[in-house]
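To be precise, the following lines are entry-v3.pdb, and they hold PDB, N, CA, C and O atoms.
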```pdb
ATOM      1  N   MET A   1     109.394 107.270 113.475
ATOM      2  CA  MET A   1     108.713 107.965 112.394
ATOM      3  C   MET A   1     108.091 106.919 111.473
ATOM      4  O   MET A   1     108.651 105.858 111.269
ATOM      5  N   ASN A   2     106.949 107.253 110.911
ATOM      6  CA  ASN A   2     106.251 106.356 109.991
ATOM      7  C   ASN A   2     106.102 107.000 108.621
ATOM      8  O   ASN A   2     106.005 108.225 108.495
ATOM      9  N   CYS A   3     106.056 106.147 107.592
ATOM     10  CA  CYS A   3     105.800 106.619 106.231
ATOM     11  C   CYS A   3     104.401 107.219 106.200
ATOM     12  O   CYS A   3     103.437 106.613 106.687
ATOM     13  N   GLU A   4     104.267 108.402 105.621
ATOM     14  CA  GLU A   4     102.976 109.082 105.571
ATOM     15  C   GLU A   4     102.039 108.494 104.519
ATOM     16  O   GLU A   4     100.863 108.849 104.469
ATOM     17  N   ARG A   5     102.546 107.592 103.704
ATOM     18  CA  ARG A   5     101.712 106.995 102.674
ATOM     19  C   ARG A   5     101.206 105.611 103.076
ATOM     20  O   ARG A   5     100.031 105.331 103.009
ATOM     21  N   CYS A   6     102.136 104.729 103.508
ATOM     22  CA  CYS A   6     101.747 103.353 103.840
ATOM     23  C   CYS A   6     101.776 103.059 105.329
ATOM     24  O   CYS A   6     101.282 102.027 105.762
ATOM     25  N   GLY A   7     102.378 103.948 106.127
ATOM     26  CA  GLY A   7     102.425 103.773 107.563
ATOM     27  C   GLY A   7     103.560 102.912 108.081
ATOM     28  O   GLY A   7     103.624 102.623 109.269
ATOM     29  N   ALA A   8     104.461 102.474 107.202
ATOM     30  CA  ALA A   8     105.580 101.633 107.626
ATOM     31  C   ALA A   8     106.489 102.396 108.584
ATOM     32  O   ALA A   8     106.687 103.605 108.447
ATOM     33  N   SER A   9     107.039 101.684 109.545
ATOM     34  CA  SER A   9     107.966 102.272 110.501
ATOM     35  C   SER A   9     109.307 102.543 109.811
ATOM     36  O   SER A   9     109.825 101.688 109.107
ATOM     37  N   LEU A  10     109.847 103.745 110.023
ATOM     38  CA  LEU A  10     111.083 104.150 109.357
ATOM     39  C   LEU A  10     112.160 104.487 110.371
ATOM     40  O   LEU A  10     111.891 105.128 111.382
ATOM     41  N   ASN A  11     113.374 104.067 110.070
ATOM     42  CA  ASN A  11     114.534 104.482 110.852
ATOM     43  C   ASN A  11     115.011 105.821 110.313
ATOM     44  O   ASN A  11     114.627 106.237 109.222
ATOM     45  N   GLU A  12     115.892 106.471 111.035
ATOM     46  CA  GLU A  12     116.338 107.822 110.670
ATOM     47  C   GLU A  12     116.904 107.910 109.250
ATOM     48  O   GLU A  12     116.613 108.830 108.520
ATOM     49  N   GLY A  13     117.702 106.957 108.823
ATOM     50  CA  GLY A  13     118.324 107.019 107.504
ATOM     51  C   GLY A  13     117.464 106.500 106.369
ATOM     52  O   GLY A  13     117.899 106.459 105.225
ATOM     53  N   GLU A  14     116.241 106.088 106.663
ATOM     54  CA  GLU A  14     115.366 105.496 105.650
ATOM     55  C   GLU A  14     114.267 106.428 105.171
ATOM     56  O   GLU A  14     113.367 106.012 104.463
ATOM     57  N   VAL A  15     114.323 107.682 105.547
ATOM     58  CA  VAL A  15     113.256 108.632 105.228
ATOM     59  C   VAL A  15     113.569 109.364 103.927
ATOM     60  O   VAL A  15     114.670 109.881 103.730
ATOM     61  N   TYR A  16     112.589 109.403 103.043
ATOM     62  CA  TYR A  16     112.696 110.151 101.787
ATOM     63  C   TYR A  16     111.621 111.220 101.806
ATOM     64  O   TYR A  16     110.449 110.936 102.058
ATOM     65  N   ASN A  17     112.008 112.459 101.560
ATOM     66  CA  ASN A  17     111.053 113.564 101.548
ATOM     67  C   ASN A  17     110.580 113.816 100.125
ATOM     68  O   ASN A  17     111.377 114.008  99.215
ATOM     69  N   TYR A  18     109.272 113.808  99.957
ATOM     70  CA  TYR A  18     108.678 114.072  98.653
ATOM     71  C   TYR A  18     107.472 114.977  98.849
ATOM     72  O   TYR A  18     106.493 114.615  99.507
ATOM     73  N   ARG A  19     107.578 116.186  98.311
ATOM     74  CA  ARG A  19     106.513 117.185  98.411
ATOM     75  C   ARG A  19     106.041 117.378  99.847
ATOM     76  O   ARG A  19     104.852 117.400 100.139
ATOM     77  N   GLY A  20     107.023 117.443 100.750
ATOM     78  CA  GLY A  20     106.719 117.724 102.148
ATOM     79  C   GLY A  20     106.269 116.524 102.962
ATOM     80  O   GLY A  20     105.900 116.681 104.120
ATOM     81  N   LYS A  21     106.280 115.342 102.378
ATOM     82  CA  LYS A  21     105.872 114.144 103.101
ATOM     83  C   LYS A  21     107.071 113.230 103.317
ATOM     84  O   LYS A  21     107.929 113.101 102.446
ATOM     85  N   ALA A  22     107.113 112.599 104.479
ATOM     86  CA  ALA A  22     108.155 111.624 104.800
ATOM     87  C   ALA A  22     107.686 110.264 104.308
ATOM     88  O   ALA A  22     106.656 109.749 104.747
ATOM     89  N   LEU A  23     108.442 109.685 103.360
ATOM     90  CA  LEU A  23     108.044 108.424 102.747
ATOM     91  C   LEU A  23     109.121 107.361 102.906
ATOM     92  O   LEU A  23     110.309 107.678 103.016
ATOM     93  N   CYS A  24     108.686 106.086 102.855
ATOM     94  CA  CYS A  24     109.641 104.977 102.797
ATOM     95  C   CYS A  24     110.160 104.896 101.356
ATOM     96  O   CYS A  24     109.641 105.561 100.448
ATOM     97  N   GLU A  25     111.161 104.067 101.137
ATOM     98  CA  GLU A  25     111.763 103.969  99.802
ATOM     99  C   GLU A  25     110.757 103.509  98.753
ATOM    100  O   GLU A  25     110.691 104.069  97.659
ATOM    101  N   ASP A  26     109.947 102.500  99.064
ATOM    102  CA  ASP A  26     108.973 101.994  98.097
ATOM    103  C   ASP A  26     107.957 103.062  97.702
ATOM    104  O   ASP A  26     107.645 103.222  96.521
ATOM    105  N   CYS A  27     107.439 103.776  98.675
ATOM    106  CA  CYS A  27     106.460 104.824  98.385
ATOM    107  C   CYS A  27     107.104 105.986  97.628
ATOM    108  O   CYS A  27     106.465 106.600  96.767
ATOM    109  N   TYR A  28     108.359 106.284  97.944
ATOM    110  CA  TYR A  28     109.072 107.356  97.264
ATOM    111  C   TYR A  28     109.253 107.016  95.780
ATOM    112  O   TYR A  28     108.959 107.832  94.905
ATOM    113  N   VAL A  29     109.695 105.795  95.501
ATOM    114  CA  VAL A  29     109.862 105.365  94.110
ATOM    115  C   VAL A  29     108.518 105.368  93.399
ATOM    116  O   VAL A  29     108.405 105.810  92.253
ATOM    117  N   GLY A  30     107.475 104.896  94.080
ATOM    118  CA  GLY A  30     106.143 104.907  93.496
ATOM    119  C   GLY A  30     105.636 106.300  93.187
ATOM    120  O   GLY A  30     104.942 106.523  92.193
ATOM    121  N   ALA A  31     105.997 107.263  94.027
ATOM    122  CA  ALA A  31     105.589 108.653  93.792
ATOM    123  C   ALA A  31     106.330 109.255  92.606
ATOM    124  O   ALA A  31     105.765 110.022  91.830
ATOM    125  N   LEU A  32     107.610 108.880  92.452
ATOM    126  CA  LEU A  32     108.399 109.421  91.349
ATOM    127  C   LEU A  32     108.047 108.769  90.013
ATOM    128  O   LEU A  32     108.104 109.419  88.975
ATOM    129  N   GLN A  33     107.718 107.485  90.045
ATOM    130  CA  GLN A  33     107.414 106.752  88.823
ATOM    131  C   GLN A  33     106.084 106.012  88.982
ATOM    132  O   GLN A  33     106.070 104.795  89.145
ATOM    133  N   PRO A  34     104.978 106.735  88.942
ATOM    134  CA  PRO A  34     103.681 106.071  89.113
ATOM    135  C   PRO A  34     103.420 105.090  87.970
ATOM    136  O   PRO A  34     103.900 105.297  86.849
ATOM    137  N   PRO A  35     102.689 104.011  88.230
ATOM    138  CA  PRO A  35     102.396 103.041  87.176
ATOM    139  C   PRO A  35     101.595 103.677  86.054
ATOM    140  O   PRO A  35     100.753 104.547  86.294
ATOM    141  N   LYS A  36     101.856 103.242  84.848
ATOM    142  CA  LYS A  36     101.149 103.753  83.680
ATOM    143  C   LYS A  36     100.391 102.607  83.038
ATOM    144  O   LYS A  36     100.858 101.478  83.006
ATOM    145  N   SER A  37      99.239 102.907  82.509
ATOM    146  CA  SER A  37      98.442 101.862  81.879
ATOM    147  C   SER A  37      98.967 101.522  80.501
ATOM    148  O   SER A  37      98.718 100.449  79.988
ATOM    149  N   CYS A  38      99.708 102.426  79.880
ATOM    150  CA  CYS A  38     100.181 102.175  78.531
ATOM    151  C   CYS A  38     101.454 102.971  78.267
ATOM    152  O   CYS A  38     101.507 104.163  78.511
ATOM    153  N   ASP A  39     102.459 102.296  77.772
ATOM    154  CA  ASP A  39     103.683 102.956  77.361
ATOM    155  C   ASP A  39     103.601 103.134  75.851
ATOM    156  O   ASP A  39     103.791 102.178  75.088
ATOM    157  N   VAL A  40     103.288 104.333  75.405
ATOM    158  CA  VAL A  40     103.035 104.617  73.999
ATOM    159  C   VAL A  40     104.226 104.223  73.132
ATOM    160  O   VAL A  40     104.058 103.619  72.065
ATOM    161  N   ALA A  41     105.435 104.527  73.574
ATOM    162  CA  ALA A  41     106.618 104.198  72.786
ATOM    163  C   ALA A  41     106.786 102.690  72.646
ATOM    164  O   ALA A  41     107.102 102.184  71.558
ATOM    165  N   ALA A  42     106.550 101.942  73.718
ATOM    166  CA  ALA A  42     106.691 100.478  73.671
ATOM    167  C   ALA A  42     105.648  99.867  72.736
ATOM    168  O   ALA A  42     105.960  98.950  71.970
ATOM    169  N   VAL A  43     104.423 100.367  72.788
ATOM    170  CA  VAL A  43     103.369  99.860  71.907
ATOM    171  C   VAL A  43     103.730 100.133  70.452
ATOM    172  O   VAL A  43     103.620  99.257  69.588
ATOM    173  N   HIS A  44     104.194 101.331  70.172
ATOM    174  CA  HIS A  44     104.572 101.699  68.803
ATOM    175  C   HIS A  44     105.702 100.805  68.292
ATOM    176  O   HIS A  44     105.634 100.298  67.163
ATOM    177  N   LEU A  45     106.730 100.603  69.107
ATOM    178  CA  LEU A  45     107.850  99.758  68.693
ATOM    179  C   LEU A  45     107.409  98.318  68.463
ATOM    180  O   LEU A  45     107.842  97.671  67.508
ATOM    181  N   ALA A  46     106.545  97.803  69.308
ATOM    182  CA  ALA A  46     106.058  96.431  69.147
ATOM    183  C   ALA A  46     105.253  96.295  67.849
ATOM    184  O   ALA A  46     105.404  95.315  67.116
ATOM    185  N   GLN A  47     104.423  97.284  67.557
ATOM    186  CA  GLN A  47     103.641  97.250  66.320
ATOM    187  C   GLN A  47     104.550  97.297  65.097
ATOM    188  O   GLN A  47     104.345  96.548  64.139
ATOM    189  N   LYS A  48     105.543  98.167  65.127
ATOM    190  CA  LYS A  48     106.465  98.278  63.996
ATOM    191  C   LYS A  48     107.273  96.993  63.821
ATOM    192  O   LYS A  48     107.520  96.549  62.698
ATOM    193  N   HIS A  49     107.664  96.370  64.927
ATOM    194  CA  HIS A  49     108.409  95.119  64.871
ATOM    195  C   HIS A  49     107.554  94.020  64.231
ATOM    196  O   HIS A  49     108.027  93.272  63.367
ATOM    197  N   ARG A  50     106.282  93.931  64.639
ATOM    198  CA  ARG A  50     105.379  92.926  64.060
ATOM    199  C   ARG A  50     105.143  93.205  62.577
ATOM    200  O   ARG A  50     105.115  92.275  61.780
ATOM    201  N   GLU A  51     104.993  94.458  62.209
ATOM    202  CA  GLU A  51     104.824  94.798  60.793
ATOM    203  C   GLU A  51     106.048  94.394  59.990
ATOM    204  O   GLU A  51     105.926  93.841  58.895
ATOM    205  N   HIS A  52     107.228  94.662  60.537
ATOM    206  CA  HIS A  52     108.480  94.320  59.865
ATOM    207  C   HIS A  52     108.584  92.810  59.626
ATOM    208  O   HIS A  52     109.081  92.367  58.584
ATOM    209  N   LEU A  53     108.093  92.022  60.583
ATOM    210  CA  LEU A  53     108.131  90.563  60.454
ATOM    211  C   LEU A  53     106.961  90.022  59.628
ATOM    212  O   LEU A  53     106.915  88.829  59.333
ATOM    213  N   GLY A  54     106.026  90.895  59.270
ATOM    214  CA  GLY A  54     104.865  90.479  58.492
ATOM    215  C   GLY A  54     103.821  89.752  59.316
ATOM    216  O   GLY A  54     102.992  89.025  58.765
ATOM    217  N   GLU A  55     103.843  89.955  60.640
ATOM    218  CA  GLU A  55     102.903  89.277  61.519
ATOM    219  C   GLU A  55     101.619  90.088  61.662
ATOM    220  O   GLU A  55     101.651  91.303  61.798
ATOM    221  N   THR A  56     100.495  89.374  61.619
ATOM    222  CA  THR A  56      99.199  90.000  61.840
ATOM    223  C   THR A  56      98.391  89.112  62.779
ATOM    224  O   THR A  56      98.708  87.935  62.952
ATOM    225  N   GLY A  57      97.339  89.678  63.363
ATOM    226  CA  GLY A  57      96.490  88.888  64.258
ATOM    227  C   GLY A  57      97.281  88.274  65.393
ATOM    228  O   GLY A  57      98.008  88.957  66.095
ATOM    229  N   THR A  58      97.172  86.955  65.539
ATOM    230  CA  THR A  58      97.845  86.260  66.634
ATOM    231  C   THR A  58      99.174  85.632  66.221
ATOM    232  O   THR A  58      99.801  84.938  67.019
ATOM    233  N   GLN A  59      99.614  85.865  65.013
ATOM    234  CA  GLN A  59     100.892  85.303  64.576
ATOM    235  C   GLN A  59     102.025  85.838  65.448
ATOM    236  O   GLN A  59     102.098  87.022  65.718
ATOM    237  N   GLY A  60     102.902  84.946  65.897
ATOM    238  CA  GLY A  60     104.058  85.351  66.681
ATOM    239  C   GLY A  60     103.777  85.566  68.165
ATOM    240  O   GLY A  60     104.683  85.892  68.907
ATOM    241  N   LEU A  61     102.528  85.368  68.590
ATOM    242  CA  LEU A  61     102.198  85.548  69.996
ATOM    243  C   LEU A  61     102.353  84.224  70.743
ATOM    244  O   LEU A  61     102.208  83.152  70.165
ATOM    245  N   THR A  62     102.612  84.321  72.049
ATOM    246  CA  THR A  62     102.647  83.123  72.884
ATOM    247  C   THR A  62     101.210  82.626  73.068
ATOM    248  O   THR A  62     100.245  83.353  72.765
ATOM    249  N   GLU A  63     101.043  81.426  73.588
ATOM    250  CA  GLU A  63      99.702  80.889  73.805
ATOM    251  C   GLU A  63      98.899  81.767  74.768
ATOM    252  O   GLU A  63      97.714  82.021  74.545
ATOM    253  N   LEU A  64      99.562  82.242  75.829
ATOM    254  CA  LEU A  64      98.882  83.121  76.781
ATOM    255  C   LEU A  64      98.457  84.415  76.101
ATOM    256  O   LEU A  64      97.331  84.890  76.286
ATOM    257  N   GLN A  65      99.329  84.989  75.288
ATOM    258  CA  GLN A  65      99.000  86.223  74.575
ATOM    259  C   GLN A  65      97.833  85.998  73.615
ATOM    260  O   GLN A  65      96.956  86.843  73.473
ATOM    261  N   LYS A  66      97.818  84.821  72.961
ATOM    262  CA  LYS A  66      96.710  84.493  72.051
ATOM    263  C   LYS A  66      95.401  84.397  72.816
ATOM    264  O   LYS A  66      94.367  84.881  72.346
ATOM    265  N   ASP A  67      95.429  83.754  73.987
ATOM    266  CA  ASP A  67      94.221  83.639  74.809
ATOM    267  C   ASP A  67      93.707  85.015  75.223
ATOM    268  O   ASP A  67      92.502  85.275  75.168
ATOM    269  N   ILE A  68      94.612  85.891  75.625
ATOM    270  CA  ILE A  68      94.219  87.250  76.019
ATOM    271  C   ILE A  68      93.652  87.998  74.818
ATOM    272  O   ILE A  68      92.606  88.657  74.908
ATOM    273  N   TYR A  69      94.306  87.896  73.675
ATOM    274  CA  TYR A  69      93.859  88.542  72.443
ATOM    275  C   TYR A  69      92.442  88.058  72.076
ATOM    276  O   TYR A  69      91.552  88.870  71.808
ATOM    277  N   ASP A  70      92.249  86.719  72.101
ATOM    278  CA  ASP A  70      90.939  86.163  71.752
ATOM    279  C   ASP A  70      89.866  86.604  72.742
ATOM    280  O   ASP A  70      88.730  86.886  72.351
ATOM    281  N   TYR A  71      90.224  86.681  74.035
ATOM    282  CA  TYR A  71      89.261  87.118  75.042
ATOM    283  C   TYR A  71      88.830  88.566  74.778
ATOM    284  O   TYR A  71      87.634  88.881  74.797
ATOM    285  N   ILE A  72      89.787  89.429  74.522
ATOM    286  CA  ILE A  72      89.471  90.838  74.296
ATOM    287  C   ILE A  72      88.654  91.006  73.021
ATOM    288  O   ILE A  72      87.708  91.778  72.974
ATOM    289  N   LYS A  73      88.999  90.270  71.985
ATOM    290  CA  LYS A  73      88.225  90.355  70.729
ATOM    291  C   LYS A  73      86.789  89.896  70.929
ATOM    292  O   LYS A  73      85.876  90.391  70.262
ATOM    293  N   GLY A  74      86.557  88.956  71.868
ATOM    294  CA  GLY A  74      85.229  88.422  72.114
ATOM    295  C   GLY A  74      84.352  89.275  73.003
ATOM    296  O   GLY A  74      83.166  89.069  73.115
ATOM    297  N   VAL A  75      84.946  90.261  73.657
ATOM    298  CA  VAL A  75      84.190  91.101  74.590
ATOM    299  C   VAL A  75      83.336  92.103  73.864
ATOM    300  O   VAL A  75      83.440  92.604  72.901
TER     301      VAL A  75
END
```
Mind converting the file's structure to structure tokens?
Amino acid sequence: MNCERCGASLNEGEVYNYRGKALCEDCYVGALQPPKSCDVAAVHLAQKHREHLGETGTQGLTELQKDIYDYIKGV
């Protein structure tokens, strides 16, 4: 049997059924928890944490984060 999503070969005990499809474990987890572009709660908590510390702009960011911030601001 093969995964109906990625085509991986599956043994009998490795099959996960999701909405009528036989999936491998990776595809099953991906179907249950699809990637999200933004976690609203995490963004809110990060903003509140920075406000609490009095940080604005690039204060408190790593060098990589500063580079990303500057790139986005320049677009």
Hey, can I get the axis-aligned box for range 38-46 of chain A? All listed atoms, 3 Å padding on each side, centre and edge lengths in Å to one decimal, as AutoDock Vina command-line options.
```
--center_x 103.8 --center_y 100.0 --center_z 73.5 --size_x 14.1 --size_y 15.3 --size_z 18.8
```
Gap from CA of Gly13 in chain A to CA of Met1 in chain A - Å, one decimal: 10.8 Å
Near-Tyr28 in chain A list (7 Å; all atoms listed in the file; drop same-chain fewer than 4 positions) as a list in words: Tyr16, Tyr18, Leu23, Cys24, Leu32 and Gln33 of chain A
Answer key for the PyMOL selection byres ((chain A and resi 6) around 8), residues as a PyMOL selection string: chain A and resi 2-5+7-9+22-24+27
Alpha helix (DSSP H) per DSSP on the backbone: members of chain A, as a PyMOL selection string: chain A and resi 25-32+40-53+63-74
d(CA of Asp70 in chain A, atom N of Gly57 in chain A) in Å: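 Going from CA of Asp70 in chain A over to atom N of Gly57 in chain A, I get 11.1 Å.
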Strand (DSSP E) call set, DSSP backbone run, chain A, as a ChimeraX atom specification: /A:16-18,21-23
Coordinates-based distance that separates atom O of Ala42 in chain A from CA of Asp26 in chain A (Å, one decimal): 26.5 Å
